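Participant: This is the structure I have questions about; it appears just below.
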Amino acid sequence: MAQLHGEAMHHVRWRELTAAEHDAAVTALRDLATGRALLLAELAGILERASEVCRQAAQLCRDAGAGREAIPAWMEEGRSRRAPASVLPFSARYARQRSRQPPMPPPRASVLINLSVTLNR
């Protein structure tokens with residue numbers, strides 16, 4: 001699964017793929033999946049609701065032969081995986097609260113006391 005994910009993300013761009021790029025990506029995903037359409041469906045479903053780049057990778061998986069009937073179940077799984085991942089850990093909440101506090105004043109400048117005494121003779 002990790003190899004399929006890496007291969008799909010390797011081929012996506014922030015622009016529309018050319019026909020040659022698309023064909024190369026689909027061929028690479030088919031070769032890596034070796035006929036296991038459910039693995040491609042799992043990856044497509046998990047990536048579907050993420051960023052634009054991930055949706056492009058999901059489309060590549062569909063074009064490579066992902067089992068279309070299994071994708072909706074994996075889309076729900078992807079949604080359930082993203083929910084806990086978006087919650088900030090306890091330490092991040094604490095750090096955020098501390099950042100809202102007013103800044104601490106700078107340390108006071110040290111005061112030099114002149115202890116020299118002049119003696120009058």
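Naming scheme: A, B, ... for chains in displayed order of the structure tokens; residues 1 onward per chain; ligands 1 onward as shown.
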Which polymer residues have any atom within 8 Å of an atom of range 2-15 of chain A, counting only C-alpha atoms, with same-chain residues fewer than 5 positions away left out, as a ChimeraX atom specification?

Facilitator: /A:21,25,28-29,32-33,40,43,52-54,56-58,60-61

Participant: How many Å lie between CA of Ala41 in chain A and CA of Gly65 in chain A, rounded to one decimal?

Facilitator: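 Separation of CA of Ala41 in chain A and CA of Gly65 in chain A: 8.2 Å.
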
Participant: Fewer than 4 positions away in the same chain doesn't count, so skip those; otherwise give me all residues within 12 Å of Arg81 in chain A, counting only C-alpha atoms, as an MDAnalysis selection string.

Facilitator: chainID A and resid 45:47 49:50 74:77 85:87

Participant: Would you save the residues of that selection, restricted to N, CA and C atoms, as a PDB file, in the first residue's frame?

Facilitator:
```
ATOM      1  N   GLY A  45      -9.950   5.657  -2.428  1.00  0.00           N
ATOM      2  CA  GLY A  45     -10.942   6.088  -1.452  1.00  0.00           C
ATOM      3  C   GLY A  45     -10.355   6.929  -0.343  1.00  0.00           C
ATOM      4  N   ILE A  46      -9.190   6.550   0.135  1.00  0.00           N
ATOM      5  CA  ILE A  46      -8.558   7.294   1.222  1.00  0.00           C
ATOM      6  C   ILE A  46      -8.094   8.667   0.751  1.00  0.00           C
ATOM      7  N   LEU A  47      -7.599   8.747  -0.480  1.00  0.00           N
ATOM      8  CA  LEU A  47      -7.081  10.015  -0.992  1.00  0.00           C
ATOM      9  C   LEU A  47      -8.158  10.944  -1.527  1.00  0.00           C
ATOM     10  N   ARG A  49     -10.888  12.561  -0.518  1.00  0.00           N
ATOM     11  CA  ARG A  49     -11.383  13.766   0.157  1.00  0.00           C
ATOM     12  C   ARG A  49     -10.266  14.682   0.657  1.00  0.00           C
ATOM     13  N   ALA A  50      -9.067  14.470   0.231  1.00  0.00           N
ATOM     14  CA  ALA A  50      -7.948  15.294   0.688  1.00  0.00           C
ATOM     15  C   ALA A  50      -7.728  16.450  -0.294  1.00  0.00           C
ATOM     16  N   TRP A  74     -14.083   2.993   1.279  1.00  0.00           N
ATOM     17  CA  TRP A  74     -12.762   3.511   1.644  1.00  0.00           C
ATOM     18  C   TRP A  74     -12.769   5.030   1.779  1.00  0.00           C
ATOM     19  N   MET A  75     -13.678   5.697   1.092  1.00  0.00           N
ATOM     20  CA  MET A  75     -13.811   7.143   1.284  1.00  0.00           C
ATOM     21  C   MET A  75     -14.264   7.435   2.713  1.00  0.00           C
ATOM     22  N   GLU A  76     -15.194   6.623   3.221  1.00  0.00           N
ATOM     23  CA  GLU A  76     -15.643   6.782   4.607  1.00  0.00           C
ATOM     24  C   GLU A  76     -14.500   6.481   5.570  1.00  0.00           C
ATOM     25  N   GLU A  77     -13.701   5.477   5.258  1.00  0.00           N
ATOM     26  CA  GLU A  77     -12.540   5.144   6.103  1.00  0.00           C
ATOM     27  C   GLU A  77     -11.541   6.296   6.117  1.00  0.00           C
ATOM     28  N   ALA A  85      -6.766  12.881  13.168  1.00  0.00           N
ATOM     29  CA  ALA A  85      -5.493  13.480  12.762  1.00  0.00           C
ATOM     30  C   ALA A  85      -5.557  15.002  12.775  1.00  0.00           C
ATOM     31  N   SER A  86      -6.762  15.560  12.690  1.00  0.00           N
ATOM     32  CA  SER A  86      -6.873  17.012  12.676  1.00  0.00           C
ATOM     33  C   SER A  86      -6.950  17.617  14.073  1.00  0.00           C
ATOM     34  N   VAL A  87      -7.064  16.784  15.110  1.00  0.00           N
ATOM     35  CA  VAL A  87      -7.129  17.285  16.482  1.00  0.00           C
ATOM     36  C   VAL A  87      -5.719  17.584  16.971  1.00  0.00           C
TER      37      VAL A  87
END
```

Participant: Can you list, as a list in words, every residue of range 46-84 of chain A that DSSP puts in alpha helix (DSSP H)?

Facilitator: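 These are the residues in question: Ile46, Leu47, Glu52, Val53, Cys54, Arg55, Gln56, Ala57, Ala58, Gln59, Leu60, Cys61, Arg62, Asp63, Ile71, Pro72, Ala73, Trp74, Met75, Glu76, Glu77, Gly78, Arg79, Ser80, Arg81, Arg82, Ala83 and Pro84 of chain A.
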
Participant: Could you please determine the separation between CA of Pro72 in chain A and CA of Val26 in chain A in Å, to one decimal place?

Facilitator: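 So the answer is 20.8 Å.
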
Participant: Grab the CA of Ala24 in chain A to CA of Arg68 in chain A distance for me, in Å with one decimal place.

Facilitator: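 Those two atoms sit 21.2 Å apart.
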